[in-house]
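K.L.:
The structure under discussion is supplied below as structure tokens; questions concerning it will follow.
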Amino acid sequence: MQTSSEMVQWLTWAAGAGAALVVAGRAKQRLELSLAKHPSLGGHLRMAKRMAQWIPAYSYDEAAWVATDGAPPPVAAQRKTPWRAWVRNCAKAAR
């Protein structure tokens, strides 16, 4: 018969071994996924970052954003209400 401390030690080792197996399985899966990618995909992120540096940055204020297509002021005013609600919802979700 095992004593209580031997049983605890055995359970600790078993839990550690189980956790190690789970981690090893996930690491193996991640490695297989990385190796499955075609080598030509390696430079796409670097090329995209390099190209993005050539594009000038721009931004719109709220009034220009809702009337970007040249909408008349009443239509732009109608667009602001759902736009503001969307911005509030996004800010609330980000908290």
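For the structure tokens, the naming scheme is as follows: chains receive sequential letters (A, B, ...) according to their order of presentation, residues are indexed from 1 within each chain, and ligands are indexed from 1 in presentation order.
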Using only C-alpha atoms, which protein or nucleic acid residues come within 12 Å of Ala63 in chain A? Drop anything in the same chain fewer than 6 positions from it, and give the result as a VMD selection string.
P.N.:
chain A and resid 69 to 81 83 to 84
K.L.:
With N, CA and C atoms kept, could you save the residues just selected as a PDB file, in the first residue's frame?
P.N.:
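The resulting file, selection.pdb, is reproduced below:
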```pdb
ATOM      1  N   ASP A  69     -18.712  61.037 -50.803  1.00  0.00           N
ATOM      2  CA  ASP A  69     -19.195  60.878 -52.175  1.00  0.00           C
ATOM      3  C   ASP A  69     -19.880  62.133 -52.717  1.00  0.00           C
ATOM      4  N   GLY A  70     -19.753  63.258 -51.997  1.00  0.00           N
ATOM      5  CA  GLY A  70     -20.361  64.506 -52.451  1.00  0.00           C
ATOM      6  C   GLY A  70     -21.835  64.604 -52.118  1.00  0.00           C
ATOM      7  N   ALA A  71     -22.255  63.902 -51.086  1.00  0.00           N
ATOM      8  CA  ALA A  71     -23.661  63.909 -50.699  1.00  0.00           C
ATOM      9  C   ALA A  71     -24.073  65.302 -50.213  1.00  0.00           C
ATOM     10  N   PRO A  72     -25.320  65.674 -50.439  1.00  0.00           N
ATOM     11  CA  PRO A  72     -25.790  66.961 -49.939  1.00  0.00           C
ATOM     12  C   PRO A  72     -25.838  66.970 -48.407  1.00  0.00           C
ATOM     13  N   PRO A  73     -25.805  68.136 -47.794  1.00  0.00           N
ATOM     14  CA  PRO A  73     -25.775  68.220 -46.322  1.00  0.00           C
ATOM     15  C   PRO A  73     -26.882  67.450 -45.599  1.00  0.00           C
ATOM     16  N   PRO A  74     -28.150  67.431 -46.090  1.00  0.00           N
ATOM     17  CA  PRO A  74     -29.163  66.645 -45.354  1.00  0.00           C
ATOM     18  C   PRO A  74     -28.839  65.145 -45.327  1.00  0.00           C
ATOM     19  N   VAL A  75     -28.322  64.636 -46.421  1.00  0.00           N
ATOM     20  CA  VAL A  75     -27.954  63.208 -46.471  1.00  0.00           C
ATOM     21  C   VAL A  75     -26.768  62.949 -45.556  1.00  0.00           C
ATOM     22  N   ALA A  76     -25.795  63.844 -45.567  1.00  0.00           N
ATOM     23  CA  ALA A  76     -24.641  63.691 -44.679  1.00  0.00           C
ATOM     24  C   ALA A  76     -25.084  63.714 -43.224  1.00  0.00           C
ATOM     25  N   ALA A  77     -26.058  64.566 -42.903  1.00  0.00           N
ATOM     26  CA  ALA A  77     -26.572  64.629 -41.525  1.00  0.00           C
ATOM     27  C   ALA A  77     -27.258  63.316 -41.150  1.00  0.00           C
ATOM     28  N   GLN A  78     -27.989  62.718 -42.090  1.00  0.00           N
ATOM     29  CA  GLN A  78     -28.642  61.427 -41.823  1.00  0.00           C
ATOM     30  C   GLN A  78     -27.605  60.331 -41.584  1.00  0.00           C
ATOM     31  N   ARG A  79     -26.491  60.420 -42.247  1.00  0.00           N
ATOM     32  CA  ARG A  79     -25.447  59.401 -42.094  1.00  0.00           C
ATOM     33  C   ARG A  79     -24.725  59.518 -40.757  1.00  0.00           C
ATOM     34  N   LYS A  80     -24.692  60.716 -40.179  1.00  0.00           N
ATOM     35  CA  LYS A  80     -23.948  60.922 -38.937  1.00  0.00           C
ATOM     36  C   LYS A  80     -24.552  60.163 -37.771  1.00  0.00           C
ATOM     37  N   THR A  81     -25.876  60.048 -37.701  1.00  0.00           N
ATOM     38  CA  THR A  81     -26.520  59.406 -36.557  1.00  0.00           C
ATOM     39  C   THR A  81     -26.089  57.948 -36.400  1.00  0.00           C
ATOM     40  N   TRP A  83     -23.530  56.574 -37.708  1.00  0.00           N
ATOM     41  CA  TRP A  83     -22.066  56.590 -37.578  1.00  0.00           C
ATOM     42  C   TRP A  83     -21.660  56.822 -36.126  1.00  0.00           C
ATOM     43  N   ARG A  84     -22.285  57.806 -35.490  1.00  0.00           N
ATOM     44  CA  ARG A  84     -21.976  58.094 -34.083  1.00  0.00           C
ATOM     45  C   ARG A  84     -22.354  56.927 -33.183  1.00  0.00           C
TER      46      ARG A  84
END
```
K.L.:
Per DSSP on the backbone, what are the helix (DSSP H, G or I) residues of chain A, as JSON, numbers by chain?
P.N.:
{"A": [4, 5, 6, 7, 8, 9, 10, 11, 12, 13, 14, 15, 16, 17, 18, 19, 20, 21, 22, 23, 24, 25, 26, 27, 28, 29, 30, 31, 32, 33, 34, 35, 36, 39, 40, 41, 42, 43, 44, 45, 46, 47, 48, 49, 50, 51, 52, 62, 63, 64, 65, 66, 73, 74, 75, 76, 77, 78, 79, 80, 81, 82, 83, 84, 85, 86, 87, 88, 89, 90, 91, 92, 93, 94]}
